[in-house]
Each structure stands twice: as structure tokens, then as C-alpha cells.
>>> print(open('entry.cif').read())   # mmCIF, C-alpha atoms
data_data
#
loop_
_atom_site.group_PDB
_atom_site.id
_atom_site.type_symbol
_atom_site.label_atom_id
_atom_site.label_comp_id
_atom_site.auth_asym_id
_atom_site.auth_seq_id
_atom_site.Cartn_x
_atom_site.Cartn_y
_atom_site.Cartn_z
ATOM 1 C CA VAL A 1210 -22.190 40.668 -1.229
ATOM 2 C CA LEU A 1211 -21.455 41.173 2.461
ATOM 3 C CA SER A 1212 -22.722 38.339 4.641
ATOM 4 C CA SER A 1213 -22.623 37.574 8.367
ATOM 5 C CA CYS A 1214 -21.945 41.227 9.181
ATOM 6 C CA PRO A 1215 -21.643 41.933 12.900
ATOM 7 C CA PRO A 1216 -23.893 44.627 14.380
ATOM 8 C CA TYR A 1217 -21.362 47.438 14.793
ATOM 9 C CA ALA A 1218 -21.197 49.436 11.549
ATOM 10 C CA LEU A 1219 -19.593 52.888 11.501
ATOM 11 C CA SER A 1220 -19.985 55.730 9.005
ATOM 12 C CA ALA A 1221 -17.816 55.456 5.893
ATOM 13 C CA PRO A 1222 -17.536 56.967 2.414
ATOM 14 C CA ARG A 1223 -20.139 55.967 -0.150
ATOM 15 C CA ASN A 1224 -19.776 52.350 -1.351
ATOM 16 C CA SER A 1225 -17.592 51.535 1.665
ATOM 17 C CA ILE A 1226 -18.307 50.362 5.179
ATOM 18 C CA ASN A 1227 -16.488 50.468 8.510
ATOM 19 C CA ILE A 1228 -17.168 47.624 10.936
ATOM 20 C CA ALA A 1229 -16.070 47.527 14.581
ATOM 21 C CA PHE A 1230 -14.882 44.223 16.071
ATOM 22 C CA GLU A 1231 -14.494 43.893 19.835
ATOM 23 C CA ASP A 1232 -11.309 41.854 19.370
ATOM 24 C CA ASN A 1233 -8.853 40.937 16.647
ATOM 25 C CA VAL A 1234 -9.244 38.015 14.262
ATOM 26 C CA ARG A 1235 -7.493 34.989 15.752
ATOM 27 C CA SER A 1236 -6.795 33.261 12.438
ATOM 28 C CA PHE A 1237 -7.156 33.925 8.723
ATOM 29 C CA ASP A 1238 -6.745 30.180 8.119
ATOM 30 C CA PRO A 1239 -10.266 28.734 7.665
ATOM 31 C CA ARG A 1240 -9.120 25.452 9.209
ATOM 32 C CA GLN A 1241 -8.640 27.360 12.477
ATOM 33 C CA SER A 1242 -11.737 29.590 12.282
ATOM 34 C CA VAL A 1243 -13.626 28.767 15.461
ATOM 35 C CA ASP A 1244 -14.146 32.246 16.959
ATOM 36 C CA ALA A 1245 -16.871 34.536 15.617
ATOM 37 C CA ASN A 1246 -14.570 37.203 14.153
ATOM 38 C CA SER A 1247 -12.474 34.656 12.258
ATOM 39 C CA GLN A 1248 -15.659 33.159 10.822
ATOM 40 C CA TYR A 1249 -16.884 36.600 9.699
ATOM 41 C CA ILE A 1250 -13.621 36.968 7.772
ATOM 42 C CA GLU A 1251 -13.847 33.410 6.450
ATOM 43 C CA ASP A 1252 -17.281 34.083 4.949
ATOM 44 C CA LEU A 1253 -15.961 37.154 3.135
ATOM 45 C CA VAL A 1254 -12.510 36.001 2.003
ATOM 46 C CA HIS A 1255 -12.938 32.266 1.424
ATOM 47 C CA CYS A 1256 -15.353 30.083 -0.502
ATOM 48 C CA SER A 1257 -16.334 26.577 0.595
ATOM 49 C CA LEU A 1258 -17.926 23.529 -0.993
ATOM 50 C CA MET A 1259 -21.089 24.112 1.024
ATOM 51 C CA GLY A 1260 -22.567 27.135 2.750
ATOM 52 C CA PHE A 1261 -25.610 27.988 4.851
ATOM 53 C CA ASP A 1262 -28.686 29.962 3.864
ATOM 54 C CA ALA A 1263 -30.457 32.466 6.138
ATOM 55 C CA ASP A 1264 -32.340 29.625 7.829
ATOM 56 C CA GLY A 1265 -29.178 27.638 8.574
ATOM 57 C CA LYS A 1266 -29.788 25.044 5.862
ATOM 58 C CA ALA A 1267 -26.728 23.666 4.051
ATOM 59 C CA ILE A 1268 -26.662 24.796 0.408
ATOM 60 C CA PRO A 1269 -24.087 24.501 -2.441
ATOM 61 C CA GLY A 1270 -21.216 26.985 -2.198
ATOM 62 C CA ALA A 1271 -18.409 26.329 -4.680
ATOM 63 C CA LEU A 1272 -20.458 23.436 -6.086
ATOM 64 C CA GLU A 1273 -22.759 23.418 -9.095
ATOM 65 C CA ALA A 1274 -25.467 21.558 -7.163
ATOM 66 C CA ASN A 1275 -26.065 19.679 -3.945
ATOM 67 C CA PRO A 1276 -23.749 16.670 -3.455
ATOM 68 C CA THR A 1277 -25.166 13.284 -4.409
ATOM 69 C CA TRP A 1278 -25.099 10.187 -2.237
ATOM 70 C CA THR A 1279 -24.228 7.295 -4.573
ATOM 71 C CA SER A 1280 -24.319 4.922 -1.592
ATOM 72 C CA PRO A 1281 -24.828 5.404 2.184
ATOM 73 C CA LYS A 1282 -21.105 6.118 2.587
ATOM 74 C CA VAL A 1283 -20.139 7.690 -0.762
ATOM 75 C CA LEU A 1284 -20.768 11.351 -1.596
ATOM 76 C CA GLU A 1285 -19.970 12.852 -5.020
ATOM 77 C CA MET A 1286 -20.021 16.487 -6.113
ATOM 78 C CA GLN A 1287 -19.127 18.824 -8.995
ATOM 79 C CA LEU A 1288 -17.127 22.042 -8.529
ATOM 80 C CA ARG A 1289 -18.322 25.236 -10.179
ATOM 81 C CA ARG A 1290 -16.210 26.136 -13.182
ATOM 82 C CA ASP A 1291 -16.390 29.883 -12.550
ATOM 83 C CA GLN A 1292 -15.037 29.833 -8.984
ATOM 84 C CA LYS A 1293 -11.622 31.540 -8.824
ATOM 85 C CA PHE A 1294 -9.092 32.661 -6.263
ATOM 86 C CA SER A 1295 -8.207 36.352 -6.025
ATOM 87 C CA ASP A 1296 -5.066 35.763 -8.141
ATOM 88 C CA GLY A 1297 -7.291 34.611 -11.002
ATOM 89 C CA SER A 1298 -6.472 30.914 -10.734
ATOM 90 C CA PRO A 1299 -9.424 28.489 -10.808
ATOM 91 C CA VAL A 1300 -10.542 26.570 -7.744
ATOM 92 C CA ARG A 1301 -9.539 23.013 -8.628
ATOM 93 C CA ALA A 1302 -10.390 19.614 -7.202
ATOM 94 C CA GLU A 1303 -6.734 19.439 -6.126
ATOM 95 C CA ASP A 1304 -7.171 22.557 -3.978
ATOM 96 C CA ALA A 1305 -10.267 21.212 -2.218
ATOM 97 C CA ILE A 1306 -8.682 17.785 -1.683
ATOM 98 C CA ALA A 1307 -5.467 19.289 -0.281
ATOM 99 C CA THR A 1308 -7.453 21.518 2.101
ATOM 100 C CA TYR A 1309 -9.632 18.726 3.453
ATOM 101 C CA ASN A 1310 -6.833 16.164 3.538
ATOM 102 C CA SER A 1311 -4.831 18.552 5.713
ATOM 103 C CA LEU A 1312 -7.726 18.578 8.180
ATOM 104 C CA ILE A 1313 -7.925 14.786 8.126
ATOM 105 C CA LYS A 1314 -4.209 14.139 8.510
ATOM 106 C CA ASP A 1315 -3.068 16.994 10.765
ATOM 107 C CA ARG A 1316 -4.831 17.116 14.123
ATOM 108 C CA LYS A 1317 -3.429 20.540 15.009
ATOM 109 C CA PHE A 1318 -6.295 22.242 13.187
ATOM 110 C CA SER A 1319 -9.270 23.242 15.321
ATOM 111 C CA ARG A 1320 -11.818 21.931 12.824
ATOM 112 C CA SER A 1321 -10.190 18.556 12.162
ATOM 113 C CA SER A 1322 -12.649 16.627 14.319
ATOM 114 C CA ALA A 1323 -15.452 17.293 11.809
ATOM 115 C CA PHE A 1324 -13.600 14.984 9.388
ATOM 116 C CA ASP A 1325 -12.910 12.028 11.677
ATOM 117 C CA GLY A 1326 -15.446 9.999 9.723
ATOM 118 C CA VAL A 1327 -13.782 10.455 6.301
ATOM 119 C CA ASP A 1328 -11.981 7.416 4.918
ATOM 120 C CA ARG A 1329 -10.642 9.028 1.721
ATOM 121 C CA ILE A 1330 -11.195 11.772 -0.856
ATOM 122 C CA GLU A 1331 -10.776 11.109 -4.583
ATOM 123 C CA ASN A 1332 -10.365 13.290 -7.649
ATOM 124 C CA LEU A 1333 -12.692 11.912 -10.329
ATOM 125 C CA GLY A 1334 -11.504 14.400 -12.961
ATOM 126 C CA GLY A 1335 -13.317 17.321 -14.543
ATOM 127 C CA GLY A 1336 -13.784 19.019 -11.179
ATOM 128 C CA ARG A 1337 -15.613 16.068 -9.626
ATOM 129 C CA LEU A 1338 -14.869 14.914 -6.077
ATOM 130 C CA ARG A 1339 -15.767 11.786 -4.143
ATOM 131 C CA PHE A 1340 -15.815 11.557 -0.343
ATOM 132 C CA THR A 1341 -15.929 8.029 1.078
ATOM 133 C CA LEU A 1342 -16.942 7.851 4.729
ATOM 134 C CA LYS A 1343 -16.093 5.215 7.309
ATOM 135 C CA ARG A 1344 -19.750 4.968 8.265
ATOM 136 C CA PRO A 1345 -23.028 6.483 6.990
ATOM 137 C CA ASP A 1346 -23.584 10.089 8.070
ATOM 138 C CA ALA A 1347 -26.424 11.952 6.377
ATOM 139 C CA SER A 1348 -25.398 15.240 8.023
ATOM 140 C CA PHE A 1349 -21.822 15.152 6.685
ATOM 141 C CA PRO A 1350 -22.345 17.721 3.842
ATOM 142 C CA SER A 1351 -22.821 20.428 6.489
ATOM 143 C CA ASN A 1352 -19.165 19.883 7.495
ATOM 144 C CA LEU A 1353 -17.999 21.044 4.059
ATOM 145 C CA VAL A 1354 -18.284 24.716 5.032
ATOM 146 C CA VAL A 1355 -14.552 25.055 5.745
ATOM 147 C CA GLY A 1356 -12.990 27.560 3.330
ATOM 148 C CA ILE A 1357 -10.916 26.161 0.453
ATOM 149 C CA LEU A 1358 -7.236 27.100 0.267
ATOM 150 C CA ARG A 1359 -4.937 26.942 -2.730
ATOM 151 C CA GLU A 1360 -3.077 23.629 -2.746
ATOM 152 C CA SER A 1361 0.210 25.444 -2.072
ATOM 153 C CA ASP A 1362 -1.281 27.299 0.919
ATOM 154 C CA SER A 1363 -2.684 24.132 2.468
ATOM 155 C CA THR A 1364 0.848 22.877 3.136
ATOM 156 C CA ALA A 1365 2.142 26.136 4.657
ATOM 157 C CA SER A 1366 2.948 26.007 8.364
ATOM 158 C CA ASP A 1367 1.739 29.587 8.848
ATOM 159 C CA LEU A 1368 -0.419 31.571 6.435
ATOM 160 C CA ASP A 1369 0.530 35.208 5.806
ATOM 161 C CA PRO A 1370 -2.723 37.228 5.487
ATOM 162 C CA ALA A 1371 -1.030 39.662 3.093
ATOM 163 C CA GLN A 1372 -0.218 36.809 0.692
ATOM 164 C CA LEU A 1373 -3.411 34.810 1.193
ATOM 165 C CA LYS A 1374 -5.468 34.315 -1.972
ATOM 166 C CA GLY A 1375 -9.017 33.330 -1.145
ATOM 167 C CA CYS A 1376 -11.949 32.513 -3.409
ATOM 168 C CA GLY A 1377 -14.622 34.514 -1.586
ATOM 169 C CA PRO A 1378 -16.239 37.814 -2.674
ATOM 170 C CA TYR A 1379 -13.495 39.883 -0.987
ATOM 171 C CA GLN A 1380 -9.705 39.743 -0.668
ATOM 172 C CA ILE A 1381 -7.409 41.033 2.055
ATOM 173 C CA LYS A 1382 -5.779 44.341 1.141
ATOM 174 C CA SER A 1383 -3.934 44.920 4.411
ATOM 175 C CA THR A 1384 -3.883 43.926 8.070
ATOM 176 C CA GLY A 1385 -2.647 45.748 11.137
ATOM 177 C CA ILE A 1386 -2.896 45.622 14.895
ATOM 178 C CA ASN A 1387 -6.148 47.583 14.938
ATOM 179 C CA GLU A 1388 -7.430 47.458 11.362
ATOM 180 C CA ILE A 1389 -8.124 45.026 8.518
ATOM 181 C CA SER A 1390 -8.943 46.262 5.027
ATOM 182 C CA LEU A 1391 -10.793 44.195 2.422
ATOM 183 C CA VAL A 1392 -11.465 44.947 -1.260
ATOM 184 C CA PRO A 1393 -13.501 42.983 -3.828
ATOM 185 C CA ASN A 1394 -12.101 39.801 -5.367
ATOM 186 C CA PRO A 1395 -12.544 40.733 -9.060
ATOM 187 C CA PHE A 1396 -12.394 37.074 -10.105
ATOM 188 C CA ALA A 1397 -15.191 35.833 -7.823
ATOM 189 C CA PRO A 1398 -18.464 34.773 -9.501
ATOM 190 C CA GLU A 1399 -20.147 37.501 -7.422
ATOM 191 C CA PRO A 1400 -17.478 40.051 -6.387
ATOM 192 C CA GLY A 1401 -18.180 42.173 -3.334
ATOM 193 C CA LYS A 1402 -20.186 45.290 -4.229
ATOM 194 C CA LEU A 1403 -18.491 47.556 -1.691
ATOM 195 C CA ILE A 1404 -15.240 49.237 -2.765
ATOM 196 C CA THR A 1405 -13.720 48.863 0.693
ATOM 197 C CA VAL A 1406 -14.624 47.002 3.875
ATOM 198 C CA THR A 1407 -12.620 48.308 6.827
ATOM 199 C CA ILE A 1408 -12.695 46.336 10.069
ATOM 200 C CA LYS A 1409 -11.538 48.332 13.076
ATOM 201 C CA ILE A 1410 -10.610 46.672 16.359
ATOM 202 C CA VAL A 1411 -12.361 48.709 19.054
ATOM 203 C CA ARG A 1412 -12.122 46.914 22.392
ATOM 204 C CA ASN A 1413 -13.857 49.567 24.503
ATOM 205 C CA GLU A 1414 -17.579 48.782 24.421
ATOM 206 C CA LYS A 1415 -18.736 52.390 24.818
ATOM 207 C CA THR A 1416 -16.420 53.588 22.055
ATOM 208 C CA ARG A 1417 -17.534 50.754 19.782
#
>>> encode(input="entry.cif", output="C-alpha cells")
Amino acid sequence: VLSSCPPYALSAPRNSINIAFEDNVRSFDPRQSVDANSQYIEDLVHCSLMGFDADGKAIPGALEANPTWTSPKVLEMQLRRDQKFSDGSPVRAEDAIATYNSLIKDRKFSRSSAFDGVDRIENLGGGRLRFTLKRPDASFPSNLVVGILRESDSTASDLDPAQLKGCGPYQIKSTGINEISLVPNPFAPEPGKLITVTIKIVRNEKTR
């Protein structure tokens, strides 16, 4: 699994790939992922309640099925039971709620505005979540593509990439000024198939 791969791929050993970015990743925090390179990393390292298919249609990500509207302003959904962070811990309703509540309550995050219409989020137990909106918004499920953080990480003032445990197909092995190394998340439902993904920061266009 290697999605949203940018066009610059360099030669690498078998079962590995080198990718050239024109600039560094601005943030490994999915709540701040607004530039293209940060979103490439988000897709690989984090999982989200919803995702997009090749045609740009919103589809279930860390959910068992599409969310259900129980009323024009109430949306309920069921988390997958096999979704896990790279430390082996399960993705819980508490993790999703803490991530999205941080976006609702703390306006410093770049993607907070997508949740202005949320009144509250509830834990229904058994991995079920309920979003209650302030007003009907049929397009709201497409906002649930922000990567889910562990509850403890959602309260951190600054996330350390080396300590970050995501629930996507890959995990961060190391980061440097000019290189980021990813390896498969062995606990993901579909771990990455490549042994190593190396992202090199190559700012010179001709060299890249």
C-alpha cells in the first residue's frame, strides 16, 4: 500500500522506493497538514475515519461502513476493530474523539474550520461514535479525513515525529533535514508492502 505518491521516484533496492520531495514536510501532525507534502505523509502514516477513492469520493477509512444519518443533524458510525496504531494499541473511540475535539476547541490548528459546524461528539460504546451538528450538512463526512492521533498525542503541544505512533500502513523510522524514512506498520490491517520508503528532500529541480 503506497498511495498519493508524488511523481519523483528514484532507483532503490528491491522492495524499497526512494521519493524526491521539492521541500520538507511542514508538519507530521495531521491537524496541520495543509501542504501537499504533509498530506502525502498523512496518507501513509495516519488513518482517518473517512478517506477518498481514486475518483475523489468519500469512502470509509477506519470505519466498518459508511456513517449513517439518524437525523439531518446526527451522524453515527462504527470503528473497525482491527485498526491499530504502530505500537500495537487499538484505535479507540476515545482517540478519535480527542483528535476531533482538539480541532473543535483549539483554533490554532489549520484544519479546525472544517469542524465549525460540530456541536458535540459522543462515545456510544463498543467503538461507536455520534457527531451532532449545529445545522444539517450532507457533505460533512468528507471532513472526517483528518488523521486520528492517540488520545495522549492529541493533547501534546508539539508532536515529535520520532515518537509519533500512527495507524496508517507505514510508520516513521527516522527524520532528518534532508531525508525521512518510513517502514511498514506491522499492526495495520493492510501493512505497507515496501520494506522501506525513503523520502529525500531535493530542492534543485534539475537534480530532482
>>> axis_aligned_box(input="entry.cif", around="range 1314-1329 of chain A", padding_each_side="6 Å", output="JSON")
{"center_x": -9.3, "center_y": 15.3, "center_z": 8.5, "size_x": 24.4, "size_y": 27.8, "size_z": 25.6}
>>> atom_distance(input="entry.cif", atom1="CA of Gln1380 in chain A", atom2="CA of Arg1289 in chain A")
19.4 Å
>>> atom_distance(input="entry.cif", atom1="CA of Gln1292 in chain A", atom2="CA of Leu1258 in chain A")
10.6 Å
>>> resolve_selection(input="entry.cif", expression="the PyMOL selection byres ((chain A and resi 1284) around 9)", output="ChimeraX atom specification")
/A:1276-1283,1285-1286,1338-1342,1350
>>> resolve_selection(input="entry.cif", expression="the PyMOL selection byres ((chain A and resi 1234-1237) around 12)", output="MDAnalysis selection string")
chainID A and resid 1229:1233 1238:1255 1318:1319 1355:1358 1362 1367:1375 1380:1381 1384:1389 1408:1410
>>> atom_distance(input="entry.cif", atom1="CA of Thr1364 in chain A", atom2="CA of Arg1316 in chain A")
13.6 Å
>>> residues_around(input="entry.cif", residues="Ala1305 in chain A", least_positions_apart="4", cutoff="8 Å", atoms="all atoms listed in the file", output="short mmCIF file (atom, residue, chain, number, x, y, z; two decimals) with C-alpha atoms, in the frame of the given file")
data_model
loop_
_atom_site.label_atom_id
_atom_site.label_comp_id
_atom_site.auth_asym_id
_atom_site.auth_seq_id
_atom_site.Cartn_x
_atom_site.Cartn_y
_atom_site.Cartn_z
CA VAL A 1300 -10.54 26.57 -7.74
CA ARG A 1301 -9.54 23.01 -8.63
CA TYR A 1309 -9.63 18.73 3.45
CA ILE A 1357 -10.92 26.16 0.45
CA LEU A 1358 -7.24 27.10 0.27
CA ARG A 1359 -4.94 26.94 -2.73
CA GLU A 1360 -3.08 23.63 -2.75
#
>>> closest_residue(input="entry.cif", among="A:Lys1266, A:Lys1293, A:Arg1337, A:Arg1320", to="Ile1306 in chain A", atoms="only C-alpha atoms")
A:Arg1337
>>> closest_residue(input="entry.cif", among="A:Ser1351, A:Ser1298, A:Thr1416, A:Ser1366", to="Gly1265 in chain A", atoms="all atoms listed in the file")
A:Ser1351
>>> residues_around(input="entry.cif", residues="Lys1314 in chain A", least_positions_apart="6", cutoff="10 Å", atoms="only C-alpha atoms", output="PDB file with C-alpha atoms, in the coordinates of the input")
ATOM      1  CA  SER A1321     -10.190  18.556  12.162  1.00  0.00           C
ATOM      2  CA  PHE A1324     -13.600  14.984   9.388  1.00  0.00           C
ATOM      3  CA  ASP A1325     -12.910  12.028  11.677  1.00  0.00           C
TER       4      ASP A1325
END
>>> closest_residue(input="entry.cif", among="A:Ile1313, A:Pro1398, A:Ser1390, A:Arg1417", to="Ser1225 in chain A", atoms="only C-alpha atoms")
A:Ser1390
>>> resolve_selection(input="entry.cif", expression="the PyMOL selection byres ((chain A and resi 1406) around 8)", output="mmCIF file with C-alpha atoms, in the frame of the given file")
data_model
loop_
_atom_site.group_PDB
_atom_site.id
_atom_site.type_symbol
_atom_site.label_atom_id
_atom_site.label_comp_id
_atom_site.auth_asym_id
_atom_site.auth_seq_id
_atom_site.Cartn_x
_atom_site.Cartn_y
_atom_site.Cartn_z
ATOM 1 C CA SER A 1225 -17.592 51.535 1.665
ATOM 2 C CA ILE A 1226 -18.307 50.362 5.179
ATOM 3 C CA ASN A 1227 -16.488 50.468 8.510
ATOM 4 C CA ILE A 1228 -17.168 47.624 10.936
ATOM 5 C CA SER A 1390 -8.943 46.262 5.027
ATOM 6 C CA LEU A 1391 -10.793 44.195 2.422
ATOM 7 C CA VAL A 1392 -11.465 44.947 -1.260
ATOM 8 C CA LEU A 1403 -18.491 47.556 -1.691
ATOM 9 C CA ILE A 1404 -15.240 49.237 -2.765
ATOM 10 C CA THR A 1405 -13.720 48.863 0.693
ATOM 11 C CA THR A 1407 -12.620 48.308 6.827
ATOM 12 C CA ILE A 1408 -12.695 46.336 10.069
#
>>> closest_residue(input="entry.cif", among="A:Gly1377, A:Asn1275, A:Gly1326, A:Ser1363", to="Asp1304 in chain A", atoms="all atoms listed in the file")
A:Ser1363
>>> decode(input="entry.cif", residues="range 1296-1316 of chain A", atoms="N, CA, C and O atoms", output="PDB file, in the first residue's frame")
ATOM      1  N   ASP A1296       2.192   1.072  17.663  1.00  0.00           N
ATOM      2  CA  ASP A1296       2.669   0.461  18.914  1.00  0.00           C
ATOM      3  C   ASP A1296       1.813  -0.734  19.304  1.00  0.00           C
ATOM      4  O   ASP A1296       2.015  -1.329  20.365  1.00  0.00           O
ATOM      5  N   GLY A1297       0.854  -1.093  18.447  1.00  0.00           N
ATOM      6  CA  GLY A1297       0.009  -2.249  18.684  1.00  0.00           C
ATOM      7  C   GLY A1297      -1.281  -1.954  19.416  1.00  0.00           C
ATOM      8  O   GLY A1297      -2.135  -2.831  19.552  1.00  0.00           O
ATOM      9  N   SER A1298      -1.454  -0.739  19.896  1.00  0.00           N
ATOM     10  CA  SER A1298      -2.676  -0.391  20.621  1.00  0.00           C
ATOM     11  C   SER A1298      -3.821  -0.141  19.640  1.00  0.00           C
ATOM     12  O   SER A1298      -3.602   0.377  18.542  1.00  0.00           O
ATOM     13  N   PRO A1299      -5.049  -0.526  20.011  1.00  0.00           N
ATOM     14  CA  PRO A1299      -6.181  -0.357  19.098  1.00  0.00           C
ATOM     15  C   PRO A1299      -6.586   1.109  18.948  1.00  0.00           C
ATOM     16  O   PRO A1299      -6.387   1.911  19.859  1.00  0.00           O
ATOM     17  N   VAL A1300      -7.134   1.440  17.798  1.00  0.00           N
ATOM     18  CA  VAL A1300      -7.705   2.767  17.603  1.00  0.00           C
ATOM     19  C   VAL A1300      -9.075   2.769  18.285  1.00  0.00           C
ATOM     20  O   VAL A1300      -9.975   2.030  17.898  1.00  0.00           O
ATOM     21  N   ARG A1301      -9.211   3.590  19.315  1.00  0.00           N
ATOM     22  CA  ARG A1301     -10.426   3.604  20.120  1.00  0.00           C
ATOM     23  C   ARG A1301     -11.277   4.828  19.799  1.00  0.00           C
ATOM     24  O   ARG A1301     -10.800   5.809  19.227  1.00  0.00           O
ATOM     25  N   ALA A1302     -12.536   4.755  20.213  1.00  0.00           N
ATOM     26  CA  ALA A1302     -13.423   5.912  20.076  1.00  0.00           C
ATOM     27  C   ALA A1302     -12.826   7.108  20.804  1.00  0.00           C
ATOM     28  O   ALA A1302     -12.908   8.246  20.330  1.00  0.00           O
ATOM     29  N   GLU A1303     -12.174   6.847  21.947  1.00  0.00           N
ATOM     30  CA  GLU A1303     -11.574   7.937  22.729  1.00  0.00           C
ATOM     31  C   GLU A1303     -10.486   8.675  21.943  1.00  0.00           C
ATOM     32  O   GLU A1303     -10.321   9.891  22.076  1.00  0.00           O
ATOM     33  N   ASP A1304      -9.739   7.922  21.122  1.00  0.00           N
ATOM     34  CA  ASP A1304      -8.685   8.541  20.317  1.00  0.00           C
ATOM     35  C   ASP A1304      -9.288   9.457  19.250  1.00  0.00           C
ATOM     36  O   ASP A1304      -8.835  10.591  19.061  1.00  0.00           O
ATOM     37  N   ALA A1305     -10.309   8.951  18.554  1.00  0.00           N
ATOM     38  CA  ALA A1305     -10.955   9.750  17.511  1.00  0.00           C
ATOM     39  C   ALA A1305     -11.613  10.993  18.111  1.00  0.00           C
ATOM     40  O   ALA A1305     -11.489  12.098  17.568  1.00  0.00           O
ATOM     41  N   ILE A1306     -12.301  10.820  19.239  1.00  0.00           N
ATOM     42  CA  ILE A1306     -12.984  11.952  19.872  1.00  0.00           C
ATOM     43  C   ILE A1306     -11.977  13.003  20.324  1.00  0.00           C
ATOM     44  O   ILE A1306     -12.177  14.211  20.113  1.00  0.00           O
ATOM     45  N   ALA A1307     -10.871  12.568  20.933  1.00  0.00           N
ATOM     46  CA  ALA A1307      -9.854  13.512  21.400  1.00  0.00           C
ATOM     47  C   ALA A1307      -9.243  14.272  20.226  1.00  0.00           C
ATOM     48  O   ALA A1307      -9.005  15.487  20.310  1.00  0.00           O
ATOM     49  N   THR A1308      -8.996  13.572  19.112  1.00  0.00           N
ATOM     50  CA  THR A1308      -8.420  14.229  17.935  1.00  0.00           C
ATOM     51  C   THR A1308      -9.352  15.299  17.393  1.00  0.00           C
ATOM     52  O   THR A1308      -8.953  16.449  17.162  1.00  0.00           O
ATOM     53  N   TYR A1309     -10.619  14.934  17.201  1.00  0.00           N
ATOM     54  CA  TYR A1309     -11.561  15.877  16.595  1.00  0.00           C
ATOM     55  C   TYR A1309     -11.991  16.970  17.572  1.00  0.00           C
ATOM     56  O   TYR A1309     -12.223  18.114  17.151  1.00  0.00           O
ATOM     57  N   ASN A1310     -12.050  16.644  18.845  1.00  0.00           N
ATOM     58  CA  ASN A1310     -12.362  17.690  19.831  1.00  0.00           C
ATOM     59  C   ASN A1310     -11.246  18.738  19.886  1.00  0.00           C
ATOM     60  O   ASN A1310     -11.512  19.922  20.102  1.00  0.00           O
ATOM     61  N   SER A1311     -10.008  18.298  19.691  1.00  0.00           N
ATOM     62  CA  SER A1311      -8.906  19.264  19.704  1.00  0.00           C
ATOM     63  C   SER A1311      -9.048  20.243  18.544  1.00  0.00           C
ATOM     64  O   SER A1311      -8.718  21.429  18.670  1.00  0.00           O
ATOM     65  N   LEU A1312      -9.542  19.767  17.410  1.00  0.00           N
ATOM     66  CA  LEU A1312      -9.766  20.637  16.262  1.00  0.00           C
ATOM     67  C   LEU A1312     -10.915  21.610  16.511  1.00  0.00           C
ATOM     68  O   LEU A1312     -10.893  22.756  16.065  1.00  0.00           O
ATOM     69  N   ILE A1313     -11.924  21.132  17.236  1.00  0.00           N
ATOM     70  CA  ILE A1313     -13.093  21.965  17.523  1.00  0.00           C
ATOM     71  C   ILE A1313     -12.768  23.040  18.552  1.00  0.00           C
ATOM     72  O   ILE A1313     -13.180  24.204  18.425  1.00  0.00           O
ATOM     73  N   LYS A1314     -11.978  22.680  19.549  1.00  0.00           N
ATOM     74  CA  LYS A1314     -11.762  23.573  20.687  1.00  0.00           C
ATOM     75  C   LYS A1314     -10.524  24.458  20.570  1.00  0.00           C
ATOM     76  O   LYS A1314     -10.426  25.485  21.241  1.00  0.00           O
ATOM     77  N   ASP A1315      -9.563  24.051  19.742  1.00  0.00           N
ATOM     78  CA  ASP A1315      -8.309  24.805  19.638  1.00  0.00           C
ATOM     79  C   ASP A1315      -8.160  25.342  18.218  1.00  0.00           C
ATOM     80  O   ASP A1315      -7.856  24.597  17.298  1.00  0.00           O
ATOM     81  N   ARG A1316      -8.348  26.632  18.057  1.00  0.00           N
ATOM     82  CA  ARG A1316      -8.351  27.242  16.730  1.00  0.00           C
ATOM     83  C   ARG A1316      -6.959  27.404  16.118  1.00  0.00           C
ATOM     84  O   ARG A1316      -6.830  27.905  15.006  1.00  0.00           O
TER      85      ARG A1316
END
